[in-house]
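With compact mmCIF, C-alpha atoms and all ligand atoms inside, this is protein_9.txt:
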```txt
# COMPACT_ATOMS: atom_id res chain seq x y z
CA MET A 1 123.83 88.21 127.71
CA HIS A 2 123.61 87.54 123.96
CA ILE A 3 125.93 90.12 122.49
CA LEU A 4 126.49 91.02 118.84
CA VAL A 5 129.76 92.73 117.92
CA SER A 6 130.08 94.39 114.51
CA GLY A 7 133.67 94.25 113.22
CA ALA A 8 136.55 91.82 113.84
CA GLY A 9 139.32 94.41 114.08
CA ILE A 10 141.26 95.14 117.25
CA ALA A 11 138.26 96.54 119.16
CA GLY A 12 135.86 93.80 118.04
CA LEU A 13 138.21 90.92 118.82
CA ALA A 14 139.16 92.44 122.18
CA CYS A 15 135.47 92.84 123.03
CA ALA A 16 134.80 89.23 122.05
CA ILE A 17 137.57 88.02 124.39
CA GLN A 18 136.70 90.33 127.28
CA LEU A 19 132.96 89.64 127.07
CA GLY A 20 133.22 85.96 126.13
CA THR A 21 135.54 85.14 129.01
CA ARG A 22 133.03 86.74 131.38
CA GLY A 23 130.40 84.25 130.26
CA HIS A 24 128.53 86.23 127.63
CA ASP A 25 127.52 84.59 124.39
CA VAL A 26 129.21 86.67 121.68
CA THR A 27 128.73 86.72 117.91
CA VAL A 28 131.10 88.86 115.85
CA VAL A 29 130.06 89.82 112.30
CA GLU A 30 132.85 90.95 110.02
CA TYR A 31 132.10 92.14 106.53
CA GLY A 32 135.51 91.02 105.26
CA ARG A 33 135.82 87.43 103.97
CA GLY A 34 138.47 86.82 106.62
CA LEU A 35 140.47 88.70 109.22
CA ARG A 36 141.80 91.95 107.79
CA LEU A 37 145.52 91.72 108.40
CA ARG A 38 146.96 94.70 106.59
CA GLY A 39 148.54 97.68 108.31
CA THR A 40 151.83 99.12 109.44
CA PRO A 41 153.05 98.20 112.92
CA ILE A 42 150.82 99.60 115.65
CA ASP A 43 151.57 100.39 119.28
CA ILE A 44 150.25 99.22 122.62
CA ARG A 45 150.91 101.92 125.17
CA GLY A 46 150.08 103.05 128.69
CA ASP A 47 147.20 101.25 130.40
CA ALA A 48 146.60 99.14 127.31
CA ILE A 49 149.70 97.16 128.34
CA ALA A 50 148.09 96.23 131.68
CA THR A 51 144.91 95.47 129.73
CA VAL A 52 146.56 92.84 127.50
CA ASP A 53 148.33 91.52 130.60
CA GLY A 54 144.92 91.08 132.24
CA MET A 55 143.80 89.17 129.15
CA GLY A 56 146.74 86.80 129.62
CA LEU A 57 148.27 87.89 126.32
CA LEU A 58 151.20 90.12 127.29
CA ALA A 59 153.93 87.50 126.87
CA ARG A 60 152.55 86.37 123.50
CA ILE A 61 152.30 89.96 122.31
CA ARG A 62 155.80 90.78 123.50
CA ARG A 63 157.15 87.88 121.45
CA HIS A 64 155.95 89.73 118.33
CA ARG A 65 157.59 93.02 119.29
CA VAL A 66 159.32 94.86 116.42
CA ASP A 67 161.56 97.91 116.47
CA MET A 68 160.46 99.58 113.28
CA SER A 69 160.36 103.09 114.71
CA GLU A 70 163.90 102.80 116.09
CA ARG A 71 165.04 101.87 112.58
CA THR A 72 163.26 104.75 110.84
CA TRP A 73 165.03 107.86 109.56
CA PHE A 74 164.02 110.97 107.71
CA VAL A 75 166.10 111.05 104.52
CA ASP A 76 166.92 113.61 101.84
CA SER A 77 166.36 113.22 98.10
CA ALA A 78 169.64 111.25 97.79
CA GLY A 79 168.42 108.81 100.46
CA GLU A 80 170.96 110.12 103.02
CA ARG A 81 169.79 110.11 106.64
CA VAL A 82 169.03 113.63 107.87
CA ALA A 83 167.22 113.08 111.19
CA PRO A 84 165.92 110.29 113.44
CA LEU A 85 162.31 109.85 114.54
CA PRO A 86 161.78 111.59 117.91
CA LEU A 87 160.82 108.48 119.83
CA ALA A 88 160.83 110.25 123.19
CA GLN A 89 158.07 112.56 121.89
CA ILE A 90 156.09 109.81 120.21
CA ASN A 91 156.17 107.03 122.81
CA ASP A 92 154.64 107.04 126.28
CA SER A 93 157.55 105.06 127.71
CA ALA A 94 160.17 102.44 126.90
CA ASP A 95 157.54 99.81 127.82
CA ASP A 96 155.43 100.63 124.75
CA ILE A 97 155.07 97.60 122.49
CA GLU A 98 155.30 98.03 118.73
CA LEU A 99 154.08 95.04 116.72
CA LEU A 100 152.63 94.24 113.34
CA ARG A 101 148.91 94.86 113.17
CA GLU A 102 148.49 91.41 111.64
CA ASP A 103 150.30 89.76 114.55
CA LEU A 104 148.06 91.48 117.08
CA VAL A 105 144.93 90.53 115.09
CA ARG A 106 146.13 86.89 115.00
CA VAL A 107 147.00 86.80 118.72
CA LEU A 108 143.55 88.17 119.59
CA ALA A 109 141.71 85.85 117.18
CA ASP A 110 143.58 82.83 118.57
CA ALA A 111 142.54 83.81 122.10
CA LEU A 112 138.80 83.85 121.41
CA PRO A 113 136.99 81.72 124.00
CA ASP A 114 134.44 79.05 123.02
CA THR A 115 131.69 81.49 123.93
CA ALA A 116 132.63 83.78 121.01
CA ALA A 117 132.41 83.10 117.26
CA ILE A 118 133.13 85.20 114.17
CA ARG A 119 130.86 85.18 111.12
CA PHE A 120 132.71 86.51 108.09
CA GLY A 121 131.21 88.04 104.98
CA ASP A 122 128.19 89.52 106.74
CA SER A 123 127.21 92.82 108.29
CA ILE A 124 124.34 94.51 110.07
CA ALA A 125 121.83 95.95 107.59
CA ALA A 126 119.22 97.25 110.06
CA LEU A 127 118.51 97.21 113.76
CA ILE A 128 115.59 98.10 116.00
CA ASP A 129 116.21 98.61 119.70
CA GLY A 130 113.15 97.17 121.42
CA GLY A 131 114.20 98.17 124.95
CA ALA A 132 113.63 95.32 127.40
CA ASP A 133 112.96 92.96 124.45
CA GLY A 134 116.50 93.48 123.14
CA VAL A 135 117.74 94.61 119.77
CA GLU A 136 116.31 93.04 116.65
CA VAL A 137 118.92 92.82 113.91
CA ARG A 138 118.66 92.13 110.19
CA PHE A 139 121.90 91.19 108.46
CA ALA A 140 122.95 91.86 104.88
CA SER A 141 122.84 88.07 104.33
CA GLY A 142 119.11 88.09 105.14
CA ARG A 143 119.60 86.42 108.53
CA THR A 144 117.93 87.92 111.57
CA GLY A 145 118.70 87.78 115.29
CA ARG A 146 117.83 89.29 118.64
CA TYR A 147 120.52 90.45 121.08
CA ASP A 148 120.70 91.96 124.55
CA LEU A 149 123.48 94.29 123.44
CA VAL A 150 124.98 95.38 120.11
CA VAL A 151 128.58 96.63 120.08
CA GLY A 152 129.68 98.75 117.12
CA ALA A 153 133.39 97.98 116.75
CA ASP A 154 133.38 98.49 113.01
CA GLY A 155 136.00 101.19 112.71
CA GLN A 156 136.28 104.75 111.53
CA HIS A 157 133.36 104.41 109.07
CA SER A 158 131.19 102.40 111.48
CA ALA A 159 127.91 101.17 110.02
CA VAL A 160 126.42 100.74 113.52
CA ARG A 161 127.16 104.37 114.30
CA GLY A 162 125.50 105.40 111.04
CA LEU A 163 122.37 103.36 111.82
CA VAL A 164 121.96 104.48 115.42
CA PHE A 165 123.63 107.87 115.80
CA GLY A 166 123.27 109.33 112.31
CA PRO A 167 125.50 110.34 109.40
CA GLU A 168 129.27 110.28 109.77
CA GLU A 169 129.68 113.92 108.69
CA GLU A 170 128.00 115.05 111.92
CA TYR A 171 130.72 113.45 114.02
CA THR A 172 133.82 113.65 111.85
CA ARG A 173 136.60 116.15 112.41
CA HIS A 174 138.97 116.11 109.46
CA LEU A 175 142.57 116.86 110.44
CA GLY A 176 143.65 117.91 106.97
CA ALA A 177 145.64 114.81 105.99
CA TYR A 178 145.36 111.35 104.43
CA PHE A 179 147.31 108.10 104.76
CA ALA A 180 147.91 105.29 102.27
CA LEU A 181 149.77 102.01 102.42
CA ALA A 182 150.76 99.85 99.45
CA ASP A 183 152.62 96.57 99.08
CA LEU A 184 156.13 96.92 97.69
CA PRO A 185 156.76 93.44 96.29
CA GLY A 186 160.07 94.21 94.55
CA GLU A 187 161.78 95.59 97.66
CA ALA A 188 164.66 93.69 99.25
CA ARG A 189 163.22 91.51 101.98
CA ALA A 190 166.03 92.09 104.44
CA GLU A 191 165.21 93.89 107.69
CA GLY A 192 166.93 97.21 107.14
CA ALA A 193 166.59 100.88 107.88
CA ASN A 194 163.26 102.48 107.09
CA ALA A 195 163.17 105.76 105.24
CA VAL A 196 160.77 108.67 105.31
CA TYR A 197 161.13 111.43 102.75
CA ASN A 198 159.30 114.75 102.83
CA VAL A 199 158.33 117.28 100.23
CA PRO A 200 156.18 120.17 101.46
CA GLY A 201 152.96 118.86 102.98
CA ARG A 202 153.69 115.28 101.88
CA MET A 203 155.71 112.30 102.95
CA ALA A 204 156.55 109.03 101.24
CA GLY A 205 158.32 106.21 103.00
CA VAL A 206 159.55 102.66 102.71
CA PHE A 207 159.06 100.44 105.74
CA ARG A 208 160.38 96.90 105.96
CA TYR A 209 159.04 94.44 108.46
CA GLY A 210 157.82 90.91 108.78
CA GLY A 211 159.92 89.84 105.79
CA GLY A 212 158.11 92.26 103.47
CA ALA A 213 158.06 95.92 102.58
CA VAL A 214 155.40 98.58 102.17
CA ALA A 215 155.25 102.04 100.70
CA VAL A 216 153.67 104.54 103.06
CA PHE A 217 152.24 107.91 102.09
CA GLN A 218 150.84 110.78 104.10
CA PHE A 219 149.75 114.10 102.66
CA ARG A 220 148.00 117.24 103.72
CA SER A 221 144.70 117.84 101.99
CA ASP A 222 141.32 119.34 102.61
CA PRO A 223 138.60 116.67 102.73
CA VAL A 224 138.04 115.12 99.29
CA ASP A 225 134.51 113.85 98.85
CA HIS A 226 134.63 110.17 97.85
CA ASP A 227 133.17 106.77 98.70
CA HIS A 228 135.57 105.24 101.23
CA ARG A 229 135.08 101.82 99.57
CA ASP A 230 136.00 103.09 96.09
CA LEU A 231 139.60 101.97 95.60
CA ASP A 232 139.99 103.70 92.22
CA ALA A 233 138.85 107.01 93.72
CA GLN A 234 141.32 106.58 96.58
CA LYS A 235 144.19 105.87 94.18
CA ARG A 236 143.26 108.97 92.16
CA ILE A 237 143.29 111.14 95.28
CA LEU A 238 146.73 109.79 96.23
CA LEU A 239 148.21 110.19 92.73
CA ASP A 240 146.80 113.72 92.40
CA ALA A 241 148.31 114.68 95.75
CA PHE A 242 151.80 113.71 94.55
CA ALA A 243 151.41 114.91 90.95
CA GLY A 244 154.58 116.64 89.78
CA HIS A 245 156.72 115.25 92.63
CA ARG A 246 159.48 113.07 91.14
CA SER A 247 162.28 113.30 93.69
CA TRP A 248 163.67 110.42 95.78
CA ARG A 249 161.66 107.23 95.11
CA ILE A 250 158.25 108.90 94.79
CA PRO A 251 157.44 107.79 91.19
CA GLU A 252 158.34 104.17 91.93
CA LEU A 253 156.33 104.13 95.16
CA LEU A 254 153.33 105.62 93.37
CA ASP A 255 153.60 102.84 90.77
CA ALA A 256 153.39 100.34 93.63
CA ALA A 257 150.26 102.07 94.94
CA ARG A 258 148.73 102.08 91.46
CA ALA A 259 149.34 98.33 91.15
CA ASP A 260 148.16 97.27 94.62
CA PRO A 261 144.64 95.79 94.61
CA GLY A 262 144.59 96.01 98.41
CA LEU A 263 145.76 99.61 98.90
CA TYR A 264 144.81 100.82 102.39
CA PHE A 265 143.66 104.42 102.41
CA ALA A 266 142.38 106.41 105.37
CA ALA A 267 141.57 110.00 106.19
CA ALA A 268 143.19 111.53 109.23
CA SER A 269 139.86 112.20 110.82
CA GLN A 270 138.57 111.87 114.31
CA ILE A 271 135.17 110.87 115.57
CA HIS A 272 133.68 113.05 118.29
CA LEU A 273 130.33 111.95 119.70
CA PRO A 274 128.57 113.46 122.70
CA SER A 275 127.74 109.93 123.88
CA TRP A 276 128.95 106.50 122.78
CA HIS A 277 125.86 104.54 123.77
CA ARG A 278 122.16 104.70 123.05
CA GLY A 279 119.76 102.16 124.55
CA ARG A 280 121.30 98.74 124.01
CA VAL A 281 123.83 99.85 121.42
CA VAL A 282 127.38 100.92 122.30
CA LEU A 283 130.45 101.93 120.29
CA VAL A 284 134.00 100.78 121.03
CA GLY A 285 137.27 101.75 119.30
CA ASP A 286 137.50 103.91 116.18
CA ALA A 287 133.73 103.61 115.70
CA GLY A 288 133.16 105.76 118.79
CA TYR A 289 136.30 107.83 119.26
CA CYS A 290 138.72 107.40 116.37
CA PRO A 291 141.79 109.46 117.29
CA ALA A 292 143.29 109.23 113.74
CA PHE A 293 146.42 107.29 112.78
CA LEU A 294 148.49 110.40 113.52
CA SER A 295 147.88 109.96 117.25
CA GLY A 296 149.48 106.49 117.32
CA ARG A 297 146.90 105.54 119.93
CA GLY A 298 143.91 103.98 118.16
CA THR A 299 144.89 100.43 119.09
CA SER A 300 145.49 101.24 122.75
CA LEU A 301 142.10 102.95 122.92
CA ALA A 302 140.38 99.94 121.36
CA LEU A 303 141.96 97.65 123.96
CA THR A 304 141.11 99.74 127.04
CA GLY A 305 137.61 100.40 125.69
CA ALA A 306 136.85 96.69 125.35
CA ARG A 307 138.14 96.06 128.86
CA PHE A 308 136.14 98.85 130.53
CA LEU A 309 132.96 97.82 128.73
CA ALA A 310 133.27 94.18 129.82
CA GLU A 311 134.28 95.06 133.40
CA GLU A 312 131.38 97.45 133.84
CA LEU A 313 128.83 95.03 132.39
CA HIS A 314 130.17 92.43 134.80
CA ARG A 315 129.85 94.78 137.77
CA SER A 316 126.41 96.09 136.89
CA GLY A 317 124.40 92.98 137.69
CA GLY A 318 122.31 93.31 134.53
CA ASP A 319 121.84 97.09 134.63
CA HIS A 320 123.26 97.70 131.16
CA ALA A 321 122.39 101.44 131.21
CA ALA A 322 124.53 102.01 134.31
CA ALA A 323 127.31 99.84 132.86
CA LEU A 324 127.44 101.75 129.58
CA ALA A 325 127.53 105.09 131.38
CA ARG A 326 130.43 103.90 133.56
CA TYR A 327 132.27 102.47 130.54
CA GLU A 328 132.06 105.85 128.92
CA ALA A 329 133.15 107.72 132.05
CA ARG A 330 136.26 105.53 132.38
CA GLN A 331 137.21 105.62 128.72
CA ARG A 332 136.59 109.35 128.00
CA PRO A 333 139.89 110.62 129.47
CA TYR A 334 141.86 108.11 127.39
CA ALA A 335 140.04 109.09 124.20
CA ALA A 336 140.45 112.81 124.87
CA SER A 337 144.16 112.42 125.54
CA ALA A 338 144.72 110.31 122.40
CA GLN A 339 142.76 112.71 120.22
CA SER A 340 144.70 115.69 121.53
CA ARG A 341 147.97 114.21 120.19
CA ALA A 342 147.05 113.95 116.53
CA ASP A 343 147.78 117.54 115.45
CA SER A 344 151.36 117.38 116.68
CA GLY A 345 151.76 114.04 114.85
CA ARG A 346 150.64 115.70 111.61
CA ASP A 347 152.92 118.69 112.06
CA ARG A 348 155.91 116.43 112.76
CA MET A 349 155.33 114.14 109.77
CA LEU A 350 154.07 116.73 107.29
CA PRO A 351 155.88 120.09 107.56
CA PRO A 352 154.13 122.39 105.08
CA THR A 353 157.19 124.08 103.46
CA TRP A 354 160.83 123.28 102.61
CA ALA A 355 161.89 125.69 105.36
CA ALA A 356 159.69 123.87 107.88
CA ILE A 357 161.14 120.50 106.77
CA ALA A 358 164.69 121.81 107.28
CA ALA A 359 163.77 123.31 110.67
CA ARG A 360 162.19 120.06 111.85
CA ASN A 361 165.23 118.05 110.80
CA ALA A 362 167.60 120.48 112.52
CA ALA A 363 165.53 120.35 115.73
CA LEU A 364 165.46 116.54 115.68
CA ARG A 365 169.21 116.34 115.14
CA ALA A 366 169.83 118.75 117.99
CA ALA A 367 167.52 116.80 120.31
CA ALA A 368 169.20 113.52 119.35
CA ALA A 369 172.65 115.00 120.04
CA LYS A 370 171.54 116.05 123.54
CA ALA A 371 169.87 112.72 124.38
CA PRO A 372 171.73 110.59 126.95
C1 LIG B 1 142.98 96.71 107.04
C2 LIG B 1 143.31 97.76 108.07
C3 LIG B 1 144.59 98.35 108.07
C4 LIG B 1 144.92 99.32 109.00
N1 LIG B 1 146.17 99.87 108.96
C5 LIG B 1 146.51 100.81 109.86
C6 LIG B 1 147.81 101.40 109.86
O1 LIG B 1 148.65 101.07 109.02
N2 LIG B 1 148.11 102.36 110.79
C7 LIG B 1 147.18 102.74 111.73
O2 LIG B 1 147.49 103.60 112.56
N3 LIG B 1 145.95 102.20 111.76
C8 LIG B 1 145.59 101.24 110.85
N4 LIG B 1 144.33 100.70 110.88
C9 LIG B 1 143.39 101.18 111.89
C10 LIG B 1 143.69 100.62 113.28
O3 LIG B 1 143.64 99.22 113.23
C11 LIG B 1 142.64 101.15 114.23
O4 LIG B 1 142.71 102.57 114.25
C12 LIG B 1 142.78 100.71 115.68
O5 LIG B 1 143.41 99.48 115.81
C13 LIG B 1 141.39 100.65 116.33
O6 LIG B 1 140.78 99.44 115.91
P1 LIG B 1 139.24 99.25 115.58
O7 LIG B 1 138.98 97.82 115.81
O8 LIG B 1 138.42 100.26 116.26
O9 LIG B 1 139.14 99.56 114.02
P2 LIG B 1 139.68 98.69 112.80
O10 LIG B 1 140.98 98.07 113.12
O11 LIG B 1 139.57 99.58 111.61
O12 LIG B 1 138.64 97.48 112.65
C14 LIG B 1 137.31 97.62 112.20
C15 LIG B 1 136.84 96.27 111.67
O13 LIG B 1 135.45 96.37 111.32
C16 LIG B 1 135.25 95.82 110.05
N5 LIG B 1 134.09 96.48 109.47
C17 LIG B 1 134.01 97.71 108.94
N6 LIG B 1 132.75 97.98 108.56
C18 LIG B 1 132.01 96.89 108.88
C19 LIG B 1 130.64 96.57 108.76
N7 LIG B 1 129.77 97.43 108.21
N8 LIG B 1 130.21 95.37 109.22
C20 LIG B 1 131.10 94.47 109.77
N9 LIG B 1 132.42 94.73 109.90
C21 LIG B 1 132.86 95.92 109.48
C22 LIG B 1 136.54 96.07 109.31
O14 LIG B 1 136.70 95.18 108.21
C23 LIG B 1 137.57 95.82 110.40
O15 LIG B 1 137.90 94.46 110.49
C24 LIG B 1 143.95 99.73 109.97
C25 LIG B 1 142.68 99.15 109.97
C26 LIG B 1 142.35 98.17 109.03
C27 LIG B 1 140.96 97.55 109.06
```
In C-alpha cells, write the structure found in this file.
Ligand SMILES: Cc1cc2nc3c(=O)[nH]c(=O)nc-3n(C[C@H](O)[C@H](O)[C@H](O)COP(=O)(O)OP(=O)(O)OC[C@H]3O[C@@H](n4cnc5c(N)ncnc54)[C@H](O)[C@@H]3O)c2cc1C
Amino acid sequence: MHILVSGAGIAGLACAIQLGTRGHDVTVVEYGRGLRLRGTPIDIRGDAIATVDGMGLLARIRRHRVDMSERTWFVDSAGERVAPLPLAQINDSADDIELLREDLVRVLADALPDTAAIRFGDSIAALIDGGADGVEVRFASGRTGRYDLVVGADGQHSAVRGLVFGPEEEYTRHLGAYFALADLPGEARAEGANAVYNVPGRMAGVFRYGGGAVAVFQFRSDPVDHDHRDLDAQKRILLDAFAGHRSWRIPELLDAARADPGLYFAAASQIHLPSWHRGRVVLVGDAGYCPAFLSGRGTSLALTGARFLAEELHRSGGDHAAALARYEARQRPYAASAQSRADSGRDRMLPPTWAAIAARNAALRAAAAKAP
C-alpha cells in the first residue's frame, strides 16, 4: 500500500517503521522543519516494551534509560526535601523504561526502513477519500498525492482529525490543568536531584537530564481559549497562573519561561472519539486517544497503536476496513486504561490547598517509610 502518515512524533515514526518493514511504501509529512526533540523524559511501559522489542529496538532504547523520577523530590519553599515521588503508584513495574523524548525520537528516526521517508516543513491541507480510488491529498506546499491509507499521527491537535472527524472541541475533555516546559540555560549542568515545589493548585520544578536543565510547570485552570500555536498567548496564560507567587524559585523559573522561544505548552486534555477510523483514514497516538501528559502513558499508547495497526493490515490481506476495526478493538482497552489514570496524576501533582499539599507529603513519607 501507499501510505501517508501525518506527523513525525512517536506515533508517526513508529507507524513508519512498523508499516515500512512490512513492505508498505510510507511517506511521513511533518510540519516542523526537523524532528521535534523537546520534552521531558517519557516512559515506555507494559506491552509497549514488548512492542519495541518486536521492532528490534529494545536494547538501543535501554541504553538511553534515565532515572529522573527516582531522583525527583517534592521540596518546601527552602528547597528542603519533604517527600519522594510515589514510583510504585506511577509505574507499571520495575521494567518500565524512562528515557529522554529526544532519544526515543532519534532511535525511531534512525530505524526507519528504506521504504519510509520523512518530508519536513509540509502538512496536509485537504483530503478527499475516494473509496476504492484511494485518498486524494493536497499539501500546504501545493503538492498533491494519492494514497491507499492516510494515518493521522499528528498529536493532540491533529489536523487530520479536524479534516475528517470534525472540530477538536467535540472530542476534547479538558482535565482542568496545563503543562509548560522551558529551557533553563543558567542551571548547573551536573546530574543532580530534581525538585518539585507546590503552591495550591500549581507546581514548578527543576529537572536535570541529558546534560541540561528545564523548568517544568503544571497548574490547575479551567480551559483558556487560545490558539495553540500562539506562543505569546501561552506565555501569558502561564504567567497569569503564577501571578503573585514568589516563593521558592518561581520568579526565576518564570523568567526562563518568558525568555524561551521554544516554550512547550500543552493542555491536560484527552481526546475521546467514538471511532478512530473513517474510510481510508485512521488515527494513531494522541491524535486519536490522547490520554494527557498526567497519565504518563501517551508514548506507550502511540507505540502499541502503531504495532496493532501494522499487524492488522498485514493480516487482513488487503481488507483495510476489517484491519482498521481490529486495530481499534485491540487498542481500545489500552487507551481506556491510560485515560483512566490521568485524574489521579493531576491530584497527586497539583493538590488544590496548602492542607492538601501537606497531607499528600505526609502520606508519601509514610508510604516510603513502609516500603521494603
Ligand atoms: C515538542 C514536543 C514535546 C513534548 N513534550 C512532552 C513532555 O514533556 N511530556 C509529555 O508527557 N509529553 C510530551 N509530548 C507529547 C508526547 O510526545 C505524546 O503525548 C506521546 O509521545 C504520543 O505521541 P504522538 O506521536 O501521538 O504525538 P506527538 O509526540 O505530539 O507528535 C505529533 C507530531 O505531529 C506533528 N504535527 C502536528 N501537527 C501537524 C500537522 N498539521 N502536520 C504534520 N505534522 C504535524 C508534530 O510536530 C509532532 O512531531 C511532547 C510532544 C511534542 C511534539
Leaving out A:Phe293 and any residue of its chain fewer than 5 positions from it, which residues lie within 9 Å of it when counting only C-alpha atoms, given as number ranges by chain?
A: 179, 266-269, 298, 342, 345
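Across A:Pro261, A:Pro291, A:Gly176, A:Gly212, the tightest approach to ligand LIG 1 (chain B) is made by A:Pro291 when counting all atoms listed in the file.
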Could you check how far atom CA of A:Glu30 sits from atom CA of A:Arg326, in Å to one decimal?
27.0 Å
Please return, as a PyMOL selection string, all polymer residues that have at least one atom within 12 Å of the point (127.8, 110.8, 120.5); use all atoms listed in the file and the file's own coordinate frame.
chain A and resi 161-162+164-168+170-172+271-278+281-284+287-289+328+332
Residues of the last selection are to be written out with C-alpha atoms, as a PDB file, keeping the file's coordinate frame.
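As written to disk, selection39.pdb reads:
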```pdb
ATOM      1  CA  ARG A 161     127.160 104.370 114.300  1.00  0.00           C
ATOM      2  CA  GLY A 162     125.500 105.400 111.040  1.00  0.00           C
ATOM      3  CA  VAL A 164     121.960 104.480 115.420  1.00  0.00           C
ATOM      4  CA  PHE A 165     123.630 107.870 115.800  1.00  0.00           C
ATOM      5  CA  GLY A 166     123.270 109.330 112.310  1.00  0.00           C
ATOM      6  CA  PRO A 167     125.500 110.340 109.400  1.00  0.00           C
ATOM      7  CA  GLU A 168     129.270 110.280 109.770  1.00  0.00           C
ATOM      8  CA  GLU A 170     128.000 115.050 111.920  1.00  0.00           C
ATOM      9  CA  TYR A 171     130.720 113.450 114.020  1.00  0.00           C
ATOM     10  CA  THR A 172     133.820 113.650 111.850  1.00  0.00           C
ATOM     11  CA  ILE A 271     135.170 110.870 115.570  1.00  0.00           C
ATOM     12  CA  HIS A 272     133.680 113.050 118.290  1.00  0.00           C
ATOM     13  CA  LEU A 273     130.330 111.950 119.700  1.00  0.00           C
ATOM     14  CA  PRO A 274     128.570 113.460 122.700  1.00  0.00           C
ATOM     15  CA  SER A 275     127.740 109.930 123.880  1.00  0.00           C
ATOM     16  CA  TRP A 276     128.950 106.500 122.780  1.00  0.00           C
ATOM     17  CA  HIS A 277     125.860 104.540 123.770  1.00  0.00           C
ATOM     18  CA  ARG A 278     122.160 104.700 123.050  1.00  0.00           C
ATOM     19  CA  VAL A 281     123.830  99.850 121.420  1.00  0.00           C
ATOM     20  CA  VAL A 282     127.380 100.920 122.300  1.00  0.00           C
ATOM     21  CA  LEU A 283     130.450 101.930 120.290  1.00  0.00           C
ATOM     22  CA  VAL A 284     134.000 100.780 121.030  1.00  0.00           C
ATOM     23  CA  ALA A 287     133.730 103.610 115.700  1.00  0.00           C
ATOM     24  CA  GLY A 288     133.160 105.760 118.790  1.00  0.00           C
ATOM     25  CA  TYR A 289     136.300 107.830 119.260  1.00  0.00           C
ATOM     26  CA  GLU A 328     132.060 105.850 128.920  1.00  0.00           C
ATOM     27  CA  ARG A 332     136.590 109.350 128.000  1.00  0.00           C
TER      28      ARG A 332
END
```
Do you have, as CSV, the list of residues of stretch 113-232 of chain A lying at most 12 Å from stretch 36-48 of chain A, each with its nearest atom pair and that distance in Å to one decimal, counting only C-alpha atoms and ordered by chain then number?
```
residue,atom,partner,partner_atom,distance
A:Phe120,CA,A:Arg36,CA,10.6
A:Gly121,CA,A:Arg36,CA,11.6
A:Asp154,CA,A:Arg36,CA,11.9
A:Gly155,CA,A:Arg36,CA,12.0
A:Phe179,CA,A:Gly39,CA,11.1
A:Ala180,CA,A:Gly39,CA,9.7
A:Leu181,CA,A:Gly39,CA,7.4
A:Ala182,CA,A:Gly39,CA,9.4
A:Asp183,CA,A:Arg38,CA,9.6
A:Gly205,CA,A:Thr40,CA,11.6
A:Val206,CA,A:Thr40,CA,10.8
A:Phe207,CA,A:Thr40,CA,8.2
A:Arg208,CA,A:Thr40,CA,9.5
A:Tyr209,CA,A:Pro41,CA,8.4
A:Gly210,CA,A:Pro41,CA,9.6
A:Gly212,CA,A:Thr40,CA,11.1
A:Ala213,CA,A:Thr40,CA,9.8
A:Val214,CA,A:Thr40,CA,8.1
A:Ala215,CA,A:Thr40,CA,9.8
A:Val216,CA,A:Thr40,CA,8.6
A:Phe217,CA,A:Thr40,CA,11.5
```
